[in-house]
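Text of upload28.csv (CSV, C-alpha atoms and all ligand atoms) as supplied:
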chain,number,residue,atom,x,y,z
A,90,MET,CA,40.8,-42.1,72.3
A,91,MET,CA,41.4,-38.8,74.0
A,92,MET,CA,42.5,-36.3,71.4
A,93,SER,CA,42.7,-32.6,71.5
A,94,ASP,CA,40.0,-30.7,69.5
A,95,LYS,CA,42.8,-29.1,67.6
A,96,CYS,CA,44.2,-32.4,66.4
A,97,LYS,CA,40.7,-33.7,65.7
A,98,GLU,CA,40.1,-30.8,63.4
A,99,HIS,CA,43.4,-31.5,61.5
A,100,VAL,CA,42.5,-35.2,61.3
A,101,ASP,CA,39.0,-34.5,59.9
A,102,SER,CA,40.5,-32.0,57.4
A,103,CYS,CA,43.1,-34.5,56.1
A,104,ARG,CA,41.2,-37.7,55.9
A,105,PHE,CA,39.7,-37.2,52.5
A,106,CYS,CA,42.5,-35.2,50.9
A,107,TRP,CA,45.0,-36.4,48.4
A,108,MET,CA,47.0,-33.3,47.8
A,109,CYS,CA,50.2,-34.3,49.5
A,110,HIS,CA,50.3,-38.0,48.8
A,111,HIS,CA,53.1,-37.6,46.2
A,112,ILE,CA,55.5,-36.0,48.7
A,113,CYS,CA,55.7,-38.7,51.3
A,114,PRO,CA,59.1,-40.5,51.1
A,115,ILE,CA,57.6,-43.6,52.7
A,116,GLY,CA,54.5,-43.7,50.5
A,117,ASN,CA,56.8,-43.2,47.5
A,118,ALA,CA,59.0,-46.1,48.6
A,119,THR,CA,56.2,-48.5,49.3
A,120,GLY,CA,53.6,-47.4,46.7
A,121,LEU,CA,51.0,-48.1,49.4
A,122,GLU,CA,47.9,-45.9,50.0
A,123,ARG,CA,48.3,-46.6,53.7
A,124,ASN,CA,51.5,-44.6,53.7
A,125,THR,CA,49.9,-41.2,53.2
A,126,ALA,CA,48.9,-38.5,55.6
A,127,ARG,CA,45.4,-38.9,54.5
A,128,ALA,CA,45.2,-42.7,55.2
A,129,ARG,CA,46.7,-42.1,58.7
A,130,ALA,CA,44.1,-39.4,59.3
A,131,LEU,CA,41.3,-41.7,58.2
A,132,GLY,CA,42.5,-44.4,60.6
A,133,ILE,CA,42.7,-42.0,63.5
A,134,SER,CA,39.2,-40.6,62.7
A,135,LEU,CA,37.8,-44.1,62.8
A,136,VAL,CA,39.3,-44.5,66.3
A,137,ASN,CA,37.9,-41.1,67.3
A,138,ARG,CA,34.5,-42.3,66.2
A,139,GLU,CA,34.9,-45.5,68.1
A,140,ALA,CA,34.6,-47.6,64.9
A,141,ILE,CA,37.9,-49.4,65.5
A,142,PRO,CA,40.3,-49.8,68.5
A,143,LEU,CA,43.4,-47.7,68.7
A,144,SER,CA,45.6,-50.8,68.6
A,145,ASP,CA,44.4,-51.5,65.1
A,146,ILE,CA,46.1,-48.5,63.6
A,147,MET,CA,49.4,-48.5,65.6
A,148,ASP,CA,51.6,-50.1,63.0
A,149,ASN,CA,50.5,-47.4,60.6
A,150,ILE,CA,51.1,-44.7,63.1
A,151,TYR,CA,54.8,-45.8,63.3
A,152,GLU,CA,55.2,-45.9,59.5
A,153,CYS,CA,55.5,-42.1,59.5
A,154,ALA,CA,59.0,-40.5,59.7
A,155,CYS,CA,57.5,-37.2,61.0
A,156,CYS,CA,59.6,-35.6,58.3
A,157,SER,CA,57.0,-32.8,57.8
A,158,ALA,CA,57.1,-32.9,54.0
A,159,CYS,CA,53.3,-33.1,54.0
A,160,VAL,CA,53.1,-30.2,56.5
A,161,LYS,CA,55.3,-28.1,54.2
A,162,GLU,CA,53.2,-29.1,51.1
A,163,CYS,CA,49.8,-28.4,52.7
A,164,VAL,CA,48.5,-25.1,51.4
A,165,THR,CA,45.6,-25.1,53.9
A,166,GLY,CA,48.0,-25.4,56.9
A,167,TRP,CA,47.0,-28.8,58.3
A,168,ASP,CA,49.6,-30.8,60.2
A,169,PRO,CA,49.7,-34.6,60.0
A,170,VAL,CA,52.9,-34.7,62.2
A,171,MET,CA,51.0,-33.1,65.0
A,172,PHE,CA,48.2,-35.6,65.0
A,173,THR,CA,50.5,-38.6,64.5
A,174,LYS,CA,52.6,-37.6,67.5
A,175,GLU,CA,49.5,-37.0,69.7
A,176,THR,CA,48.3,-40.5,68.7
A,177,ARG,CA,51.6,-42.0,69.8
A,178,LEU,CA,51.4,-40.2,73.1
A,179,GLN,CA,47.9,-41.4,73.7
A,180,ALA,CA,48.8,-45.0,72.7
A,181,ALA,CA,51.7,-44.9,75.3
A,182,MET,CA,49.3,-43.7,77.9
A,183,GLU,CA,46.7,-46.3,77.1
A,184,GLY,CA,49.4,-49.1,77.0
A,185,VAL,CA,48.7,-50.0,73.3
A,186,LEU,CA,52.1,-49.3,71.8
A,187,PRO,CA,53.3,-52.1,69.4
A,188,GLU,CA,55.7,-54.5,71.2
A,189,TYR,CA,58.6,-53.5,68.9
A,190,ILE,CA,58.1,-49.9,70.0
A,191,ASN,CA,57.8,-50.9,73.7
A,192,VAL,CA,61.3,-52.5,73.5
A,193,LEU,CA,62.8,-49.3,72.0
A,194,VAL,CA,61.1,-47.1,74.6
A,195,ASP,CA,62.3,-49.4,77.5
A,196,ASN,CA,65.9,-49.2,76.0
A,197,CYS,CA,65.7,-45.4,75.9
A,198,LEU,CA,64.6,-45.4,79.6
A,199,GLU,CA,67.2,-47.9,80.7
A,200,THR,CA,70.3,-47.0,78.6
A,201,GLY,CA,69.5,-43.6,77.1
A,202,ASN,CA,69.4,-45.0,73.6
A,203,ALA,CA,66.7,-47.0,71.7
A,204,TYR,CA,69.3,-49.7,70.8
A,205,GLY,CA,70.1,-50.6,74.3
A,206,ILE,CA,73.8,-50.2,73.7
A,207,THR,CA,76.0,-49.4,76.7
A,208,GLU,CA,79.6,-49.7,75.4
A,209,LEU,CA,81.3,-47.0,73.3
A,210,ASP,CA,83.4,-48.0,70.4
A,211,ALA,CA,87.1,-48.1,71.5
A,212,LYS,CA,88.4,-45.6,68.9
A,213,LEU,CA,85.6,-43.2,69.8
A,214,ALA,CA,86.2,-43.5,73.5
A,215,GLU,CA,89.8,-42.7,72.9
A,216,ALA,CA,88.9,-39.6,70.8
A,217,ILE,CA,86.4,-38.4,73.4
A,218,ALA,CA,89.0,-38.9,76.2
A,219,LYS,CA,91.3,-36.3,74.6
A,220,HIS,CA,88.5,-33.7,75.2
A,221,ALA,CA,87.5,-34.5,78.7
A,222,ASP,CA,88.6,-31.1,80.1
A,223,LYS,CA,85.9,-28.6,80.7
A,224,LYS,CA,85.9,-25.8,78.0
A,225,ASN,CA,83.2,-23.3,77.1
A,226,VAL,CA,82.1,-25.2,74.1
A,227,VAL,CA,80.8,-28.8,74.2
A,228,LEU,CA,80.4,-31.0,71.1
A,229,PHE,CA,77.1,-33.0,71.5
A,230,LEU,CA,77.4,-36.1,69.4
A,231,GLY,CA,74.0,-37.8,70.0
A,232,VAL,CA,73.1,-41.4,70.3
A,233,ASP,CA,73.2,-42.4,66.6
A,234,ALA,CA,76.7,-41.2,66.1
A,235,ARG,CA,77.9,-42.5,69.5
A,236,TYR,CA,76.5,-46.0,69.2
A,237,LYS,CA,75.7,-46.7,65.6
A,238,VAL,CA,78.2,-44.7,63.5
A,239,PRO,CA,81.2,-44.0,65.8
A,240,GLU,CA,83.5,-43.5,62.8
A,241,ALA,CA,81.4,-40.4,61.9
A,242,ALA,CA,81.6,-39.1,65.5
A,243,VAL,CA,85.4,-39.6,65.4
A,244,LYS,CA,85.6,-37.5,62.2
A,245,ALA,CA,83.4,-34.8,63.7
A,246,ILE,CA,85.9,-34.5,66.5
A,247,LYS,CA,88.8,-34.5,64.1
A,248,VAL,CA,87.3,-31.6,62.1
A,249,LEU,CA,87.1,-29.4,65.2
A,250,GLU,CA,90.6,-30.4,66.2
A,251,LYS,CA,91.8,-29.4,62.7
A,252,VAL,CA,90.3,-26.0,63.1
A,253,GLY,CA,92.0,-25.6,66.5
A,254,VAL,CA,89.0,-24.7,68.6
A,255,GLU,CA,88.9,-25.8,72.3
A,256,PHE,CA,86.0,-28.0,73.1
A,257,THR,CA,84.7,-30.7,75.5
A,258,VAL,CA,83.2,-34.0,74.5
A,259,LEU,CA,81.3,-35.8,77.3
A,260,ALA,CA,82.2,-39.4,78.0
A,261,GLU,CA,78.8,-39.8,79.7
A,262,GLU,CA,76.8,-37.7,77.3
A,263,PRO,CA,73.1,-37.4,78.5
A,264,THR,CA,70.5,-38.3,75.9
A,265,SER,CA,68.7,-35.3,74.4
A,266,GLY,CA,65.3,-37.0,74.6
A,267,ALA,CA,65.0,-36.9,70.8
A,268,GLN,CA,64.4,-40.6,70.4
A,269,LEU,CA,61.6,-40.6,73.0
A,270,GLU,CA,60.2,-37.5,71.5
A,271,TYR,CA,59.9,-39.3,68.2
A,272,LEU,CA,58.6,-42.6,69.8
A,273,ILE,CA,56.1,-41.3,72.4
A,274,SER,CA,56.1,-37.5,72.0
A,275,ALA,CA,55.5,-35.2,74.9
A,276,ALA,CA,55.3,-37.9,77.6
A,277,ASN,CA,56.6,-37.1,81.1
A,278,GLU,CA,59.5,-39.5,80.6
A,279,THR,CA,60.6,-37.5,77.5
A,280,LYS,CA,60.4,-34.2,79.3
A,281,GLU,CA,62.4,-35.7,82.3
A,282,GLN,CA,65.2,-36.8,79.9
A,283,MET,CA,65.2,-33.4,78.3
A,284,ALA,CA,65.4,-31.6,81.7
A,285,ALA,CA,68.3,-33.9,82.8
A,286,CYS,CA,70.2,-33.2,79.6
A,287,ALA,CA,69.6,-29.4,79.9
A,288,ASP,CA,71.0,-29.5,83.4
A,289,VAL,CA,74.3,-31.0,82.1
A,290,LEU,CA,74.5,-28.7,79.1
A,291,ASN,CA,73.8,-25.6,81.0
A,292,GLY,CA,77.3,-25.9,82.5
A,293,PHE,CA,78.6,-24.8,79.1
A,294,ALA,CA,78.3,-21.5,77.2
A,295,LYS,CA,77.8,-23.2,73.8
A,296,VAL,CA,76.6,-26.6,72.6
A,297,VAL,CA,77.6,-27.6,69.1
A,298,VAL,CA,75.0,-30.2,68.1
A,299,TYR,CA,76.2,-32.8,65.6
A,300,ASP,CA,72.9,-34.6,65.0
A,301,PRO,CA,70.2,-32.5,63.3
A,302,GLN,CA,67.5,-34.5,65.2
A,303,ASP,CA,69.0,-33.4,68.5
A,304,ALA,CA,69.4,-29.8,67.2
A,305,LYS,CA,65.7,-29.8,66.3
A,306,VAL,CA,64.6,-30.8,69.8
A,307,PHE,CA,67.0,-28.5,71.6
A,308,LYS,CA,65.9,-25.5,69.5
A,309,ARG,CA,62.2,-26.4,69.2
A,310,GLU,CA,60.7,-28.9,71.6
A,311,TYR,CA,62.7,-27.7,74.6
A,312,LYS,CA,61.4,-24.2,74.1
A,313,GLU,CA,57.8,-25.4,73.4
A,314,TRP,CA,57.8,-27.7,76.5
A,315,GLY,CA,59.5,-25.2,78.9
A,316,VAL,CA,62.8,-27.1,79.2
A,317,GLU,CA,65.3,-24.4,80.0
A,318,LEU,CA,68.4,-24.8,77.9
A,319,ASN,CA,70.4,-21.7,78.7
A,320,ALA,CA,73.5,-22.7,76.8
A,321,GLU,CA,73.5,-21.5,73.2
A,322,ALA,CA,72.7,-24.5,70.9
A,323,VAL,CA,74.2,-24.2,67.5
A,324,THR,CA,74.1,-26.9,64.8
A,325,PHE,CA,77.3,-28.4,63.7
A,326,THR,CA,76.8,-27.1,60.1
A,327,THR,CA,76.2,-23.5,61.2
A,328,TYR,CA,79.2,-23.7,63.5
A,329,LEU,CA,81.4,-24.9,60.6
A,330,ALA,CA,80.0,-22.0,58.4
A,331,GLU,CA,80.9,-19.5,61.2
A,332,LEU,CA,84.4,-20.9,61.5
A,333,LEU,CA,84.7,-20.7,57.7
A,334,ALA,CA,83.6,-17.1,57.7
A,335,GLU,CA,86.0,-16.2,60.5
A,336,GLY,CA,88.9,-17.8,58.5
A,337,LYS,CA,89.5,-20.4,61.2
A,338,LEU,CA,88.3,-23.3,58.9
A,339,THR,CA,90.4,-23.0,55.8
A,340,ALA,CA,89.2,-24.6,52.6
A,341,THR,CA,90.6,-25.6,49.2
A,342,ASN,CA,88.0,-26.2,46.6
A,343,SER,CA,88.8,-29.6,44.9
A,344,GLY,CA,86.4,-28.8,42.0
A,345,LYS,CA,84.8,-32.2,42.7
A,346,GLU,CA,81.1,-32.1,41.8
A,347,VAL,CA,78.8,-33.1,44.7
A,348,THR,CA,75.2,-32.8,45.7
A,349,TYR,CA,74.0,-32.1,49.2
A,350,GLN,CA,71.3,-33.9,51.1
A,351,ASP,CA,69.4,-31.4,53.3
A,352,PRO,CA,68.3,-33.1,56.6
A,353,PHE,CA,64.6,-32.0,57.0
A,354,GLN,CA,65.3,-31.1,60.6
A,355,LEU,CA,67.8,-28.5,59.5
A,356,ALA,CA,66.2,-27.3,56.3
A,357,ARG,CA,62.5,-27.5,57.1
A,358,ASP,CA,62.2,-27.4,60.9
A,359,LEU,CA,65.1,-25.0,61.6
A,360,GLY,CA,65.2,-23.1,58.3
A,361,GLU,CA,69.0,-23.8,57.9
A,362,ILE,CA,69.6,-23.8,54.1
A,363,GLU,CA,72.5,-21.5,53.3
A,364,GLU,CA,75.0,-22.4,56.1
A,365,PRO,CA,75.7,-26.0,54.9
A,366,ARG,CA,75.9,-24.9,51.3
A,367,LYS,CA,78.5,-22.3,52.2
A,368,VAL,CA,80.6,-25.1,53.7
A,369,VAL,CA,80.0,-27.6,50.9
A,370,SER,CA,80.8,-24.9,48.2
A,371,ALA,CA,84.0,-24.0,49.9
A,372,PHE,CA,85.4,-27.5,49.4
A,373,ALA,CA,83.6,-28.7,46.2
A,374,THR,CA,81.3,-27.7,43.4
A,375,LEU,CA,77.7,-28.0,44.5
A,376,LYS,CA,75.1,-29.4,42.1
A,377,GLU,CA,71.5,-29.3,43.5
A,378,MET,CA,69.3,-32.3,43.2
A,379,LEU,CA,65.5,-32.5,42.9
A,380,CYS,CA,63.8,-31.5,46.1
A,381,ASN,CA,66.3,-29.6,48.0
A,382,GLY,CA,66.3,-26.9,50.8
A,383,LYS,CA,62.9,-26.7,52.5
A,384,ASP,CA,61.5,-29.1,49.9
A,385,THR,CA,64.1,-31.8,50.8
A,386,MET,CA,63.1,-35.5,50.6
A,387,TRP,CA,64.1,-37.5,53.7
A,388,ALA,CA,66.7,-40.2,52.9
A,389,GLY,CA,65.9,-42.6,55.7
A,390,ASN,CA,67.3,-43.0,59.3
A,391,ILE,CA,68.8,-45.5,61.7
A,392,LEU,CA,65.9,-45.7,64.2
A,393,MET,CA,63.2,-46.7,61.8
A,394,LYS,CA,65.5,-49.4,60.5
A,395,GLU,CA,64.7,-51.2,63.8
A,396,TRP,CA,61.2,-52.1,62.6
A,397,MET,CA,61.0,-51.3,58.9
A,398,ASN,CA,64.5,-51.9,57.5
A,399,ASP,CA,63.5,-52.8,53.9
A,400,VAL,CA,61.3,-49.7,53.5
A,401,ILE,CA,64.1,-47.5,54.7
A,402,VAL,CA,66.5,-49.0,52.2
A,403,ASP,CA,63.9,-48.3,49.5
A,404,VAL,CA,63.6,-44.7,50.8
A,405,ALA,CA,67.4,-44.3,50.6
A,406,LYS,CA,67.4,-45.8,47.1
A,407,ASP,CA,64.9,-43.2,45.9
A,408,ARG,CA,67.1,-40.4,47.1
A,409,ILE,CA,70.2,-41.9,45.4
A,410,ARG,CA,68.1,-42.0,42.3
A,411,ASN,CA,67.4,-38.2,42.7
A,412,ALA,CA,71.2,-37.6,42.9
A,413,LYS,CA,71.8,-39.7,39.8
A,414,GLY,CA,69.1,-37.8,38.1
A,415,VAL,CA,71.3,-34.7,38.1
A,416,GLY,CA,74.4,-36.6,37.2
A,417,ALA,CA,75.9,-36.4,40.7
A,418,ASP,CA,78.3,-39.2,41.7
A,419,THR,CA,78.7,-38.0,45.3
A,420,ILE,CA,76.1,-37.2,48.0
A,421,VAL,CA,77.3,-35.1,51.0
A,422,THR,CA,75.2,-35.7,54.1
A,423,ALA,CA,74.9,-33.6,57.3
A,424,SER,CA,72.8,-36.1,59.2
A,425,VAL,CA,74.6,-39.2,60.5
A,426,SER,CA,71.3,-41.1,60.4
A,427,GLU,CA,70.7,-40.3,56.7
A,428,TYR,CA,74.4,-41.1,56.0
A,429,ALA,CA,73.9,-44.6,57.5
A,430,ALA,CA,70.6,-45.1,55.6
A,431,LEU,CA,72.1,-44.1,52.3
A,432,CYS,CA,75.2,-46.3,53.0
A,433,SER,CA,73.0,-49.3,53.6
A,434,VAL,CA,72.0,-49.4,49.9
A,435,GLU,CA,74.1,-51.8,47.9
A,436,GLN,CA,75.2,-49.7,44.9
A,437,LEU,CA,78.4,-48.4,43.4
A,438,ASP,CA,77.2,-45.5,41.3
A,439,VAL,CA,77.0,-42.8,44.0
A,440,GLN,CA,79.5,-42.2,46.7
A,441,ILE,CA,78.0,-41.3,50.1
A,442,ILE,CA,80.1,-39.1,52.3
A,443,THR,CA,79.7,-36.8,55.3
A,444,LEU,CA,80.5,-33.2,55.5
A,445,GLU,CA,83.4,-34.1,57.6
A,446,ASP,CA,84.7,-36.5,54.9
A,447,LEU,CA,84.6,-33.6,52.5
A,448,ILE,CA,86.5,-31.3,54.9
A,449,LEU,CA,89.1,-33.9,55.9
A,450,ALA,CA,89.7,-35.2,52.4
A,501,LIG,S1,48.3,-32.2,55.1
A,501,LIG,FE1,47.1,-30.9,53.7
A,501,LIG,S2,47.6,-31.7,51.7
A,501,LIG,FE2,48.1,-33.4,53.2
A,501,LIG,S3,46.3,-34.6,53.4
A,501,LIG,FE3,46.2,-33.1,55.0
A,501,LIG,S4,44.9,-31.5,54.1
A,501,LIG,FE4,45.7,-32.7,52.4
A,502,LIG,S1,55.5,-36.6,57.9
A,502,LIG,FE1,56.7,-37.4,56.2
A,502,LIG,S2,56.6,-39.6,56.4
A,502,LIG,FE2,54.9,-38.8,57.7
A,502,LIG,S3,53.1,-38.7,56.3
A,502,LIG,FE3,54.1,-36.7,56.2
A,502,LIG,S4,55.5,-36.9,54.4
A,502,LIG,FE4,55.0,-39.0,55.0
Output the file's structure in the form of structure tokens.
Amino acid sequence: MMMSDKCKEHVDSCRFCWMCHHICPIGNATGLERNTARARALGISLVNREAIPLSDIMDNIYECACCSACVKECVTGWDPVMFTKETRLQAAMEGVLPEYINVLVDNCLETGNAYGITELDAKLAEAIAKHADKKNVVLFLGVDARYKVPEAAVKAIKVLEKVGVEFTVLAEEPTSGAQLEYLISAANETKEQMAACADVLNGFAKVVVYDPQDAKVFKREYKEWGVELNAEAVTFTTYLAELLAEGKLTATNSGKEVTYQDPFQLARDLGEIEEPRKVVSAFATLKEMLCNGKDTMWAGNILMKEWMNDVIVDVAKDRIRNAKGVGADTIVTASVSEYAALCSVEQLDVQIITLEDLILA
């Protein structure tokens, strides 16, 4: 397999190390040695040494959420996310992606979302239609909210309506490229989707990004890969915190005790820790759970449910256990994908709500 010298160095440094195995949400959910950064590195190193074919390790390569908990934990600065993504890119170029990933990639290319959905939910379409006029600010919903959790997208629109800001929502929203970035990394197809999206968004002054996964690629990968997004990209949570500080979003603290689930894309990748806490604390009493802020533990997502649903449910169960551990009976989410994963656990002890639910209550 073609792999950069930089990645090979990271692979060879990780392959016999155990130091971050306790931090992997997938490894913790499955209890399997294969779900550690080290095991993934060992598999890649065997491919690099031509001991096994690349196709032999591909299932394992797609058992990583790329949540960067191991990267954060690594005191020596090695990066399993980097070599995992480079392996995905190489597998795409060599035509050895698992069939279940090929299907999702094809859907992304044909429909703009990995699920292959083309119709919007009627209520969401109605809510979007009210904001068809061109304003300076565009609310970017993202594919998970638009096609998988439309009720959350409707509430996000309602929150901005409540505040009274003028904004556009695109009926034909381009895909950010975030799903392809996760599935096949820096392929030409990913960059083409990103460039097409930037072209549309550059017609606005500000993009309020609802989904943290989109926010991460707008603010990080676009820059890294030279995709010019001239519009100012601001996360939905930071935008709410700004509106709160300006007195445009008014809050009454209900006194309800809640805990907050930091999306890793916001807390770890973008360093956004305080902004969502300001919003949550304005409406409720915040009780921190184990592993918060930069140390957050991923609570699952919608995309990986496509090929490892049971594991994602177990990942979400672990996070609900963390909330129960501090006596919290409500988890406030800021990622629509984590919200869906947490809601997929059959349980009655902990209520799962979005930041918008908290504001609109
Ligand atoms: S990322 Fe760091 S701690 Fe984790 S396996 Fe690699 S070298 Fe060890
Ligand atoms: S990026 Fe996350 S899911 Fe992947 S090995 Fe590291 S901790 Fe586990």
**Asked** Which residues sit within 6 Å of ligand LIG 502 (chain A), counting all atoms listed in the file, listed as a PyMOL selection string?
**Response** chain A and resi 112-115+125-126+153-159+170
**Prompt:** Could you work out how far CA of Trp396 in chain A lies from CA of His111 in chain A, giving the answer in Å with one decimal?
**Reply:**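 Interatomic distance, CA of His111 in chain A to CA of Trp396 in chain A: 23.3 Å.
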**Message:** Could you check the closest approach to ligand LIG 501 (chain A) for each of A:Leu392, A:Val238, A:Met108, A:Leu259 and tell me which residue wins, using all atoms listed in the file?
**Reply:**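 Residue with the minimum atom-to-atom distance to ligand LIG 501 (chain A): A:Met108.
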**Request:** Using all atoms listed in the file, find each protein or nucleic acid residue lying at most 9 Å from ligand LIG 501 (chain A); present the set as a count of residues only.
**Result:** 30
**Request:** Kindly give the distance, in Å, that separates CA of Gly132 in chain A and CA of Ile146 in chain A, rounded to a single decimal.
**Result:** 6.2 Å
Given only C-alpha atoms, how would the per-residue table for range 253-304 of chain A near range 423-432 of chain A read, listing every residue at most 10 Å away with its closest atom pair and distance in Å to one decimal, sorted by chain and number, as a tab-separated table?
residue	atom	partner	partner_atom	distance
A:Tyr299	CA	A:Ser424	CA	8.0
A:Asp300	CA	A:Ser424	CA	6.0
A:Pro301	CA	A:Ser424	CA	6.0
A:Gln302	CA	A:Ser424	CA	8.2
**Prompt:** Of the candidates A:Lys337, A:Arg123, A:Lys413, A:Arg129, which shows the shortest atom-to-atom distance to Gly253 in chain A, using all atoms listed in the file?
**Reply:** A:Lys337
**One-decimal distance in Å that lies between CA of Trp387 in chain A and CA of Ala405 in chain A** = 8.2 Å
With a distance cut-off of 12 Å and only C-alpha atoms, select the neighbouring residues of Leu338 in chain A, excluding the residue or stretch itself and same-chain residues fewer than 6 positions from it, and output the selection as a short mmCIF file (atom, residue, chain, number, x, y, z; two decimals) with C-alpha atoms, in the frame of the given file.
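Saved file result_11.cif follows:
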data_model
loop_
_atom_site.label_atom_id
_atom_site.label_comp_id
_atom_site.auth_asym_id
_atom_site.auth_seq_id
_atom_site.Cartn_x
_atom_site.Cartn_y
_atom_site.Cartn_z
CA VAL A 248 87.30 -31.60 62.10
CA LEU A 249 87.10 -29.40 65.20
CA GLU A 250 90.60 -30.40 66.20
CA LYS A 251 91.80 -29.40 62.70
CA VAL A 252 90.30 -26.00 63.10
CA GLY A 253 92.00 -25.60 66.50
CA VAL A 254 89.00 -24.70 68.60
CA TYR A 328 79.20 -23.70 63.50
CA LEU A 329 81.40 -24.90 60.60
CA ALA A 330 80.00 -22.00 58.40
CA GLU A 331 80.90 -19.50 61.20
CA LEU A 332 84.40 -20.90 61.50
CA LYS A 367 78.50 -22.30 52.20
CA VAL A 368 80.60 -25.10 53.70
CA ALA A 371 84.00 -24.00 49.90
CA PHE A 372 85.40 -27.50 49.40
CA GLU A 445 83.40 -34.10 57.60
CA ILE A 448 86.50 -31.30 54.90
CA LEU A 449 89.10 -33.90 55.90
#
**Item:** Residue neighbourhood Asn398 in chain A, 12 Å, all atoms listed in the file, exclusion window fewer than 3 positions, as a ChimeraX atom specification
**Value:** /A:115,118,152,389-395,401-405,429-430,433-434
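Ranking A:Ala287, A:Met91, A:Met171, A:Val192 by their shortest atom-to-atom distance to Ser274 in chain A, with only C-alpha atoms included, puts A:Met171 first.
Of the residues under consideration (A:Glu175, A:Asp351, A:Glu346, A:Glu335), A:Glu346 shows the shortest atom-to-atom contact distance to Leu447 in chain A when counting only C-alpha atoms.
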